[in-house]
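Working notes for the structure below.
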Amino acid sequence: MLHVTNLQKTYDTGDEALRGVTTSVEGSETVAMIGPSGAGKSTFIRCVNRLTEPSGGEIDLDGTELTALDTDDLRAARRDIGMIFQEYNLIERLTVMENVLSGRLGYVSAWQAFRRSFPPADIERAYEILEQVGLGEMADKRVDELSGGQRQRVGIARAVIQEPKILLVDEPTSSLDPETADRSIPVLINIHEVNLALDHADRIVGLHDGELVFEGTPEDLDEEALDRVYRGADVPDTTTDGEKPTETDDQEV
Ligand code: ADP
């Protein structure tokens with residue numbers, strides 16, 4: 001489980017992106033982080049995997065204090081953090097299978113990693129997960145031949161095979177479903193569209209200008225709470241049926 005206490009980040013530019021955020025993600029729950037652009041959502045996720053150095057506060061992942069780790073320990077700790085990023089960070093010229101197996105690189109020796117040689121158990125598991133995410137037939141396809149949605153699922157499969165203790169998901173653009181893969185770990189999703197958050201999250205955390213201004217269930221996110229989170233900014237789509245509005249929905253007749 002992830003416990004974040006009083007997390008602060010001030011960039012060199014003087015931008016105070018996080019002003020002391022305290023929250024946690026536990027069990028197998030999915031927590032969605034919402035808020036207007038610039039609220040600090042990406043900074044929060046990047047601080048948790050230490051792509052960004054926090055300026056203050058604590059980040060405890062299953063008893064390991066992530067802010068205190070040196071480079072070597074951080075590399076080991078990153079095995080425990082599965083990341084699914086918007087651009088997926090897939091290796092275009094490699095196959096789906098090779099990309100999924102790269103999720104195991106933190107577990108094999110440097111030589112094996114260099115040779116991209118993985119134990120048979122890893123390969124078997126990779127096939128299982130690809131089946132679960134609906135890409136069973138795609139193992140040998142090159143990633144650059146896939147659609148956006150399929151690539152997203154390769155990213156999910158790669159994160160799942162890593163057997164992390166938490167999954168961090170930054171800005172999924174379509175119906176992201178880490179639930180499609182068996183999992184018992186918590187998921188933190190930085191989500192732009194409120195309807196996706198309502199559909200997928202067990203709990204919602206709302207940031208505004210670097211501060212946590214809402215924490216509760218999707219049912220708790222009433223109009224007053226949404227106002228607090230978005231204050232003046234447009235609320236990105238709050239339809240709850242999971243369907244994205246078609247273009248014509250927004251047009252006046
Ligand atoms: P969100 O993900 O909610 O859109 P961000 O975490 O990207 O918000 O940004 C929060 C604030 O931090 C914004 O004011 C943004 O301009 C600033 N910020 C983000 N990244 C950097 C950076 N690398 N350097 C300086 N300021 C940054």
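Following the order of the structure tokens, first chain is A, next is B, and so on, with residues numbered from 1 inside each chain and ligands from 1 in the order they appear.
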
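Near ligand 1, at a distance of at most 6 Å and with only C-alpha atoms and all ligand atoms counted, sit the residues Tyr11, Thr13, Asp15, Ala17, Pro36, Ser37, Gly38, Ala39, Gly40, Lys41, Ser42 and Thr43 of chain A.
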
Let's have the selection written as a tab-separated table (two decimals), in the first residue's frame, with C-alpha atoms.
chain	number	residue	atom	x	y	z
A	11	TYR	CA	10.11	23.44	-9.23
A	13	THR	CA	11.04	27.94	-11.67
A	15	ASP	CA	6.12	26.87	-9.38
A	17	ALA	CA	3.10	22.19	-7.91
A	36	PRO	CA	-7.83	20.87	-13.72
A	37	SER	CA	-4.75	21.15	-15.87
A	38	GLY	CA	-1.84	22.36	-13.77
A	39	ALA	CA	-3.32	21.06	-10.49
A	40	GLY	CA	-0.28	18.88	-9.83
A	41	LYS	CA	-1.54	15.43	-10.86
A	42	SER	CA	1.42	14.50	-13.07
A	43	THR	CA	3.86	15.93	-10.58

Show which residues sit within 6 Å of region 50-64 of chain A, as JSON, numbers by chain. Count only C-alpha atoms, and ignore same-chain residues fewer than 6 positions away. {"A": [1, 2, 3, 4, 5, 6, 7, 8, 9]}

Nearest to Val133 (chain A) by atom-to-atom distance, counting only C-alpha atoms, from A:Val160, A:Ala201, A:Leu69, A:Leu196: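 The shortest atom-to-atom distance to Val133 (chain A) comes from A:Val160.
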
Would you pick out the contacts of Asp122 (chain A) at 8 Å or less, using only C-alpha atoms, so that residues sharing its chain but fewer than 3 positions from it are not included, and give the list as a compact mmCIF listing (two decimals) with C-alpha atoms, in the first residue's frame?
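Below you can see out-v2.txt, which holds the result:
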# COMPACT_ATOMS: atom_id res chain seq x y z
CA LEU A 101 8.85 -9.35 -21.36
CA ARG A 104 10.77 -8.56 -16.31
CA PHE A 118 13.99 -14.75 -20.17
CA PRO A 119 13.09 -17.84 -18.13
CA ARG A 125 3.12 -15.85 -17.91
CA ALA A 126 3.44 -13.30 -20.72

Length of the CA of Val213 (chain A) to CA of Arg228 (chain A) vector [Å]: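 Computing it gives 6.6 Å between the two atoms.
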
Atomic distance CA of Val96 (chain A) - CA of Arg142 (chain A), expressed in Å with one decimal: 6.0 Å

What is the distance, in Å and to one decimal place, between CA of Pro120 (chain A) and CA of Ser102 (chain A)?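 Computing the Euclidean distance for CA of Pro120 (chain A) and CA of Ser102 (chain A) yields 14.0 Å.
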
Which one of A:Gly155, A:Glu219, A:His208, A:Thr23 sits closest to Gly232 (chain A) if you count only C-alpha atoms?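 Of the candidates, the smallest distance to Gly232 (chain A) is held by A:His208.
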
Within region 61-220 of chain A, find each residue whose DSSP state, derived from the backbone, is alpha helix (DSSP H), and express the selection as a PyMOL selection string. chain A and resi 71-78+96-101+110-115+120-132+148-161+194-200

Option closest in space to Tyr230 (chain A), from A:Ile34, A:Ile189, A:Ile123, A:Ala77 [counting only C-alpha atoms]: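 Closest residue, counting only C-alpha atoms: A:Ile34.
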
If you run DSSP on this backbone, which residues of region 30-95 of chain A come out as strand (DSSP E), and could you give them as a PyMOL selection string? chain A and resi 30-34+56-61+64-65+81-84
